[in-house]
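Novice: So that you have it, the file is structure.pdb, and it contains PDB, C-alpha atoms, pLDDT in the B column:
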ATOM      1  CA  MET R   1    -128.259 116.707 -62.944  1.00 68.00           C
ATOM      2  CA  ILE R   2    -129.508 120.248 -62.771  1.00 80.00           C
ATOM      3  CA  GLN R   3    -132.877 121.076 -64.274  1.00 77.00           C
ATOM      4  CA  GLU R   4    -134.681 124.344 -64.808  1.00 75.00           C
ATOM      5  CA  ASN R   5    -136.274 125.744 -61.645  1.00 80.00           C
ATOM      6  CA  ASN R   6    -134.265 123.639 -59.220  1.00 88.00           C
ATOM      7  CA  VAL R   7    -131.416 126.071 -58.507  1.00 94.00           C
ATOM      8  CA  LEU R   8    -132.080 129.011 -56.197  1.00 95.00           C
ATOM      9  CA  LEU R   9    -130.056 132.072 -55.348  1.00 96.00           C
ATOM     10  CA  LEU R  10    -130.339 133.140 -51.709  1.00 97.00           C
ATOM     11  CA  PRO R  11    -128.883 136.315 -50.210  1.00 98.00           C
ATOM     12  CA  ILE R  12    -127.208 135.356 -46.923  1.00 98.00           C
ATOM     13  CA  ARG R  13    -125.287 137.568 -44.507  1.00 96.00           C
ATOM     14  CA  LYS R  14    -121.575 136.887 -44.119  1.00 96.00           C
ATOM     15  CA  PRO R  15    -121.528 135.306 -40.649  1.00 95.00           C
ATOM     16  CA  TYR R  16    -124.170 132.772 -41.681  1.00 97.00           C
ATOM     17  CA  SER R  17    -122.759 132.088 -45.144  1.00 98.00           C
ATOM     18  CA  ARG R  18    -119.362 131.317 -43.634  1.00 97.00           C
ATOM     19  CA  LEU R  19    -120.950 128.901 -41.145  1.00 98.00           C
ATOM     20  CA  ILE R  20    -122.629 127.131 -44.068  1.00 98.00           C
ATOM     21  CA  MET R  21    -119.352 126.897 -45.973  1.00 97.00           C
ATOM     22  CA  VAL R  22    -117.564 125.195 -43.058  1.00 97.00           C
ATOM     23  CA  GLY R  23    -120.449 122.781 -42.483  1.00 96.00           C
ATOM     24  CA  LYS R  24    -121.650 124.103 -39.120  1.00 97.00           C
ATOM     25  CA  LYS R  25    -124.927 125.761 -40.125  1.00 98.00           C
ATOM     26  CA  ARG R  26    -127.247 122.958 -41.237  1.00 98.00           C
ATOM     27  CA  PHE R  27    -130.477 124.909 -41.789  1.00 98.00           C
ATOM     28  CA  GLU R  28    -131.249 128.112 -43.679  1.00 98.00           C
ATOM     29  CA  LEU R  29    -134.502 129.760 -42.595  1.00 98.00           C
ATOM     30  CA  ARG R  30    -136.985 131.501 -44.876  1.00 97.00           C
ATOM     31  CA  LYS R  31    -140.542 132.803 -44.672  1.00 96.00           C
ATOM     32  CA  ARG R  32    -141.663 131.656 -48.122  1.00 95.00           C
ATOM     33  CA  LEU R  33    -141.648 128.271 -49.782  1.00 95.00           C
ATOM     34  CA  PRO R  34    -140.387 128.197 -53.381  1.00 94.00           C
ATOM     35  CA  LYS R  35    -142.980 127.090 -55.938  1.00 93.00           C
ATOM     36  CA  HIS R  36    -140.631 124.449 -57.337  1.00 90.00           C
ATOM     37  CA  ASP R  37    -138.535 121.884 -55.508  1.00 85.00           C
ATOM     38  CA  CYS R  38    -134.958 123.004 -55.472  1.00 92.00           C
ATOM     39  CA  LYS R  39    -131.934 120.776 -55.362  1.00 94.00           C
ATOM     40  CA  TYR R  40    -129.188 123.400 -55.087  1.00 95.00           C
ATOM     41  CA  VAL R  41    -128.849 126.840 -53.541  1.00 97.00           C
ATOM     42  CA  PHE R  42    -126.225 129.327 -54.650  1.00 96.00           C
ATOM     43  CA  ILE R  43    -125.170 131.640 -51.824  1.00 98.00           C
ATOM     44  CA  TYR R  44    -125.009 135.346 -52.544  1.00 98.00           C
ATOM     45  CA  GLU R  45    -123.036 136.780 -49.643  1.00 97.00           C
ATOM     46  CA  THR R  46    -124.438 140.227 -48.948  1.00 96.00           C
ATOM     47  CA  SER R  47    -122.480 143.379 -48.032  1.00 94.00           C
ATOM     48  CA  PRO R  48    -119.613 143.886 -47.937  1.00 95.00           C
ATOM     49  CA  THR R  49    -118.740 140.887 -50.160  1.00 96.00           C
ATOM     50  CA  LYS R  50    -121.603 141.187 -52.675  1.00 96.00           C
ATOM     51  CA  ALA R  51    -120.678 138.002 -54.536  1.00 97.00           C
ATOM     52  CA  ILE R  52    -121.724 134.388 -54.968  1.00 97.00           C
ATOM     53  CA  ILE R  53    -119.250 132.506 -52.783  1.00 97.00           C
ATOM     54  CA  GLY R  54    -120.521 128.934 -52.971  1.00 97.00           C
ATOM     55  CA  TYR R  55    -123.503 126.664 -53.038  1.00 97.00           C
ATOM     56  CA  PHE R  56    -125.123 123.867 -51.107  1.00 97.00           C
ATOM     57  CA  GLU R  57    -127.141 120.820 -51.940  1.00 96.00           C
ATOM     58  CA  VAL R  58    -130.578 120.726 -50.337  1.00 97.00           C
ATOM     59  CA  SER R  59    -131.267 117.559 -48.383  1.00 97.00           C
ATOM     60  CA  ARG R  60    -134.870 118.477 -47.618  1.00 96.00           C
ATOM     61  CA  ILE R  61    -137.136 121.491 -47.309  1.00 97.00           C
ATOM     62  CA  HIS R  62    -139.050 121.557 -44.028  1.00 97.00           C
ATOM     63  CA  THR R  63    -142.298 123.488 -43.711  1.00 97.00           C
ATOM     64  CA  GLY R  64    -144.725 123.819 -40.860  1.00 98.00           C
ATOM     65  CA  SER R  65    -145.759 125.822 -37.866  1.00 98.00           C
ATOM     66  CA  ILE R  66    -143.239 128.167 -36.337  1.00 97.00           C
ATOM     67  CA  SER R  67    -142.895 125.915 -33.280  1.00 97.00           C
ATOM     68  CA  LYS R  68    -142.301 122.862 -35.488  1.00 98.00           C
ATOM     69  CA  ILE R  69    -139.602 124.660 -37.493  1.00 98.00           C
ATOM     70  CA  TRP R  70    -137.910 125.771 -34.260  1.00 98.00           C
ATOM     71  CA  GLU R  71    -137.855 122.202 -32.933  1.00 98.00           C
ATOM     72  CA  ILE R  72    -136.303 120.933 -36.172  1.00 98.00           C
ATOM     73  CA  THR R  73    -133.711 123.691 -36.602  1.00 98.00           C
ATOM     74  CA  LYS R  74    -132.796 124.962 -33.126  1.00 97.00           C
ATOM     75  CA  GLY R  75    -129.536 123.013 -32.986  1.00 94.00           C
ATOM     76  CA  GLY R  76    -128.356 123.829 -36.491  1.00 97.00           C
ATOM     77  CA  SER R  77    -129.659 127.212 -37.577  1.00 97.00           C
ATOM     78  CA  PHE R  78    -127.226 129.307 -35.488  1.00 96.00           C
ATOM     79  CA  VAL R  79    -129.909 131.774 -34.410  1.00 97.00           C
ATOM     80  CA  THR R  80    -131.182 132.450 -30.921  1.00 97.00           C
ATOM     81  CA  LYS R  81    -134.767 131.732 -29.929  1.00 97.00           C
ATOM     82  CA  GLU R  82    -135.333 135.498 -29.632  1.00 97.00           C
ATOM     83  CA  TYR R  83    -134.009 136.162 -33.151  1.00 97.00           C
ATOM     84  CA  PHE R  84    -136.078 133.263 -34.505  1.00 98.00           C
ATOM     85  CA  GLU R  85    -139.288 134.569 -32.915  1.00 97.00           C
ATOM     86  CA  GLU R  86    -138.645 138.103 -34.167  1.00 97.00           C
ATOM     87  CA  TYR R  87    -137.935 136.841 -37.699  1.00 97.00           C
ATOM     88  CA  TYR R  88    -141.196 134.863 -37.843  1.00 98.00           C
ATOM     89  CA  LYS R  89    -143.376 137.179 -35.721  1.00 96.00           C
ATOM     90  CA  LYS R  90    -145.811 137.993 -38.564  1.00 95.00           C
ATOM     91  CA  SER R  91    -145.734 134.526 -40.146  1.00 96.00           C
ATOM     92  CA  SER R  92    -148.019 131.577 -39.572  1.00 94.00           C
ATOM     93  CA  TYR R  93    -145.544 129.026 -40.921  1.00 95.00           C
ATOM     94  CA  GLY R  94    -141.857 128.676 -41.557  1.00 97.00           C
ATOM     95  CA  VAL R  95    -139.524 127.164 -44.134  1.00 98.00           C
ATOM     96  CA  ALA R  96    -136.112 125.626 -43.483  1.00 98.00           C
ATOM     97  CA  PHE R  97    -133.696 124.388 -46.118  1.00 98.00           C
ATOM     98  CA  GLU R  98    -131.787 121.439 -44.698  1.00 98.00           C
ATOM     99  CA  ILE R  99    -128.225 121.577 -45.988  1.00 98.00           C
ATOM    100  CA  LYS R 100    -126.787 118.289 -47.209  1.00 97.00           C
ATOM    101  CA  GLU R 101    -123.363 119.468 -48.360  1.00 96.00           C
ATOM    102  CA  SER R 102    -121.783 122.808 -49.198  1.00 97.00           C
ATOM    103  CA  LYS R 103    -118.978 123.783 -51.514  1.00 96.00           C
ATOM    104  CA  LYS R 104    -117.041 127.020 -51.669  1.00 96.00           C
ATOM    105  CA  LEU R 105    -116.273 128.386 -55.126  1.00 95.00           C
ATOM    106  CA  GLU R 106    -112.593 128.799 -56.009  1.00 93.00           C
ATOM    107  CA  LYS R 107    -113.374 132.258 -57.336  1.00 94.00           C
ATOM    108  CA  PRO R 108    -116.497 134.186 -56.277  1.00 95.00           C
ATOM    109  CA  LEU R 109    -118.984 135.066 -59.021  1.00 94.00           C
ATOM    110  CA  SER R 110    -120.683 138.383 -59.512  1.00 95.00           C
ATOM    111  CA  LEU R 111    -124.416 138.492 -60.118  1.00 94.00           C
ATOM    112  CA  SER R 112    -123.710 139.705 -63.658  1.00 93.00           C
ATOM    113  CA  ASP R 113    -121.758 136.464 -64.291  1.00 89.00           C
ATOM    114  CA  LEU R 114    -125.138 134.719 -64.000  1.00 88.00           C
ATOM    115  CA  GLY R 115    -127.004 137.382 -65.960  1.00 88.00           C
ATOM    116  CA  ILE R 116    -128.631 138.793 -62.822  1.00 91.00           C
ATOM    117  CA  GLY R 117    -128.950 142.544 -62.367  1.00 92.00           C
ATOM    118  CA  HIS R 118    -129.628 142.805 -58.634  1.00 93.00           C
ATOM    119  CA  PRO R 119    -129.774 140.497 -55.620  1.00 94.00           C
ATOM    120  CA  PRO R 120    -133.144 139.035 -54.688  1.00 93.00           C
ATOM    121  CA  GLN R 121    -134.971 140.190 -51.572  1.00 91.00           C
ATOM    122  CA  ASP R 122    -135.746 136.612 -50.492  1.00 92.00           C
ATOM    123  CA  PHE R 123    -134.759 134.184 -53.255  1.00 95.00           C
ATOM    124  CA  MET R 124    -134.847 133.732 -57.014  1.00 94.00           C
ATOM    125  CA  TYR R 125    -134.407 130.890 -59.483  1.00 93.00           C
ATOM    126  CA  ILE R 126    -131.204 130.854 -61.489  1.00 91.00           C
ATOM    127  CA  LYS R 127    -131.981 130.399 -65.170  1.00 86.00           C
ATOM    128  CA  ASN R 128    -128.409 129.916 -66.461  1.00 83.00           C
ATOM    129  CA  ILE R 129    -128.271 126.156 -65.901  1.00 81.00           C
ATOM    130  CA  ASP R 130    -125.223 125.606 -68.148  1.00 84.00           C
ATOM    131  CA  LEU R 131    -123.133 128.030 -66.122  1.00 83.00           C
ATOM    132  CA  CYS R 132    -124.341 126.488 -62.860  1.00 84.00           C
ATOM    133  CA  GLU R 133    -123.288 123.050 -64.033  1.00 85.00           C
ATOM    134  CA  SER R 134    -119.856 124.278 -65.146  1.00 86.00           C
ATOM    135  CA  VAL R 135    -119.294 126.040 -61.798  1.00 84.00           C
ATOM    136  CA  MET R 136    -120.279 122.918 -59.879  1.00 85.00           C
ATOM    137  CA  ARG R 137    -117.799 120.620 -61.648  1.00 81.00           C
TER     138      ARG R 137
END
Written as structure tokens, how would this file's structure read?

Specialist:
Amino acid sequence: MIQENNVLLLPIRKPYSRLIMVGKKRFELRKRLPKHDCKYVFIYETSPTKAIIGYFEVSRIHTGSISKIWEITKGGSFVTKEYFEEYYKKSSYGVAFEIKESKKLEKPLSLSDLGIGHPPQDFMYIKNIDLCESVMR
């Protein structure tokens, strides 16, 4: 059951979003930890698609030192060590969403379908819980 503040919207670039949708990419990396535990993540595929293409269930959110996050995610994040280090170069800790299961939407949604005006820089909570539940059925 979906509750308020447990559904996030993440902007993800096309190569990575497609790897999530086929079940290959098992970790999504971020620099900030959400304030609330999240159970689901809706994927906003950035340019050129610019649409919500699917979602995944979060198995666990890992946090810790950059070296700890690398050890946990190196086999399932689909980024090189060099990319990883560059991404986290100004951070003292990392965040990794462990992906339990993903599902592609039959028809992509626009941000306006969810009452959202623009994509988030990092992430945002989706407030339209009823629509989320109907999409996930």

Novice: Measuring atom to atom with only C-alpha atoms, identify which of R:Ile99, R:Met136, R:Ile43, R:Leu33 is nearest to Pro11 of chain R.

Specialist: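 Closest to Pro11 of chain R of all the choices is R:Ile43.
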
Novice: Choose the residue, out of R:Ala96, R:Leu105, R:Ala51, R:Leu9, that has the smallest atom-to-atom separation from Ile69 of chain R; count all atoms listed in the file.

Specialist: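 Of R:Ala96, R:Leu105, R:Ala51, R:Leu9, the one nearest Ile69 of chain R, counting all atoms listed in the file, is R:Ala96.
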
Novice: Quick one: distance from atom CA of Phe27 of chain R to atom CA of Ser110 of chain R in Å, one decimal?

Specialist: 24.3 Å

Novice: Take the PyMOL selection byres ((chain R and resi 120) around 12), run it mentally on this structure, and tell me the resulting residues as a ChimeraX atom specification.

Specialist: /R:8-12,42-46,50,111,116-119,121-126

Novice: I'd like the residues picked by the PyMOL selection byres ((chain R and resi 101) around 10) written out as an MDAnalysis selection string, using the chain letters and numbers from the file.

Specialist: chainID R and resid 20:23 26 40 55:59 98:100 102:103

Novice: Using C-alpha atoms, can you export the residues from the last selection as a PDB file, in the coordinates of the input?

Specialist:
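Ended up saving to out_32.pdb:
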ATOM      1  CA  ILE R  20    -122.629 127.131 -44.068  1.00 98.00           C
ATOM      2  CA  MET R  21    -119.352 126.897 -45.973  1.00 97.00           C
ATOM      3  CA  VAL R  22    -117.564 125.195 -43.058  1.00 97.00           C
ATOM      4  CA  GLY R  23    -120.449 122.781 -42.483  1.00 96.00           C
ATOM      5  CA  ARG R  26    -127.247 122.958 -41.237  1.00 98.00           C
ATOM      6  CA  TYR R  40    -129.188 123.400 -55.087  1.00 95.00           C
ATOM      7  CA  TYR R  55    -123.503 126.664 -53.038  1.00 97.00           C
ATOM      8  CA  PHE R  56    -125.123 123.867 -51.107  1.00 97.00           C
ATOM      9  CA  GLU R  57    -127.141 120.820 -51.940  1.00 96.00           C
ATOM     10  CA  VAL R  58    -130.578 120.726 -50.337  1.00 97.00           C
ATOM     11  CA  SER R  59    -131.267 117.559 -48.383  1.00 97.00           C
ATOM     12  CA  GLU R  98    -131.787 121.439 -44.698  1.00 98.00           C
ATOM     13  CA  ILE R  99    -128.225 121.577 -45.988  1.00 98.00           C
ATOM     14  CA  LYS R 100    -126.787 118.289 -47.209  1.00 97.00           C
ATOM     15  CA  SER R 102    -121.783 122.808 -49.198  1.00 97.00           C
ATOM     16  CA  LYS R 103    -118.978 123.783 -51.514  1.00 96.00           C
TER      17      LYS R 103
END

Novice: Counting only C-alpha atoms, which residue out of R:Tyr87, R:Gly64, R:Val95, R:Ser77 sits closest to Arg32 of chain R?

Specialist: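 Closest to Arg32 of chain R, using only C-alpha atoms: R:Val95.
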
Novice: Decode the PyMOL selection byres ((chain R and resi 106) around 10) for the given file into explicit residues and return them as a ChimeraX atom specification.

Specialist: /R:53-54,103-105,107-109,135

Novice: Figure out the distance between atom CA of Ser17 of chain R and atom CA of Tyr83 of chain R, please, to one decimal in Å.

Specialist: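 Separating atom CA of Tyr83 of chain R from atom CA of Ser17 of chain R is a distance of 16.9 Å.
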
Novice: Would you compute an axis-aligned box for segment 67-74 of chain R, covering every atom listed for it in the file with 6 Å of margin on each side, and report centre and edge lengths in Å to one decimal as lines of an AutoDock Vina configuration file?

Specialist:
center_x = -137.8
center_y = 123.4
center_z = -35.2
size_x = 22.1
size_y = 17.0
size_z = 16.6

Novice: Near Phe97 of chain R, within 7 Å and counting all atoms listed in the file, which residues show up once chain neighbours fewer than 3 positions away are dropped, as a count of residues only?

Specialist: 7
